[in-house]
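Notes for the one structure printed next.
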Amino acid sequence: AAKSLGVSKSLVISSLLIERLLDLLTILCVLGLGFWWLGRDHVVPFRAGIWLGLFAMSLLLVLVGLTTHSEALGRWINGRFAPGGRLGKRIAQAALNFLGGLQILRNRWSLFIAMLNSLVQWSLLIIAIEMSYRAIGIQVPLSASLICLAMVTLAIAVPAAPGFFGVVELAFVLALKPFGVSGELAIAAALYYHLTLYILVTVIGVCWLHHLGYNWRKLRGQAVASSDNGGVRENP
């Protein structure tokens, strides 16, 4: 996709890194909200929610600070690493791309659209988890869905089997255990949630690839060519 759009690999990697940082910020907020909701009658979860919320705010302030001083920091990075040969130039370019991606925080409209898009996506995932609970007959408060979503997101961030089968189910079991839900019911809800999203994402992805003009033969040819060349080269 990056090649067809004429985007360099370093810019794609930097955008993914920024996306992961924003995901981490969202996870901390969701998990903190879940613990806060759960801990209204319990001191420990309530305090955990407060600390997670404060940490999320600190991370946001760091990102805003990087955005505010991005030009000066970019000049320092370029002067420090660029003269260090090919590796130094790659490090400098990656850092500059990352700082450039943070400029979205300066554009209020773009930031609003990004936050709105993120809010819609995370809300739909919470609804999907709630639907999986109801389909299996699990009765738990909303805080269980918030905690479960945060744990699932953390679980799929680590290396796992294709499709993340196993780690998602484990996240459900661990998230629902404090609410008195048995492992069997938790796994059943996880499979309902996992397979529903997996099928939807796969079908939409295949349709979008077809819309972009790709087919299995073309994708296989590109993979073989990339393997023969020792990897995909970065666009100049």
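In the structure tokens, each chain is lettered A, B, ... as it comes, each chain's residues begin at 1, and ligands are numbered from 1 in order of appearance.
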
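Residues surrounding Trp122 of chain A within 12 Å are Asp23, Thr26, Ile27, Cys29, Val30, Met115, Leu116, Asn117, Ser118, Leu119, Leu125, Ile126, Ile127, Ala128, Ile129, Ser145, Leu146, Leu149, Ala150 and Thr153 of chain A [only C-alpha atoms; sequence separation below 3 positions excluded].
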
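Nearest to Val64 of chain A of all the residues A:Leu99, A:Ile138, A:Ala92, A:Val181 is A:Leu99, based on only C-alpha atoms.
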
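Proximity to segment 184-188 of chain A at 6 Å, evaluated using only C-alpha atoms and with sequence-adjacent residues fewer than 2 positions away removed, yields Glu169, Phe172, Val173, Ser182, Ala190 and Leu191 of chain A.
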
(message) Between A:Leu25, A:Ile147, A:Leu212, A:Leu174, which residue has the minimum interatomic distance to Leu63 of chain A, considering only C-alpha atoms?
(response) A:Leu25

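For the pair atom CA of Tyr193 of chain A and atom CA of Leu22 of chain A, the separation is 23.6 Å.
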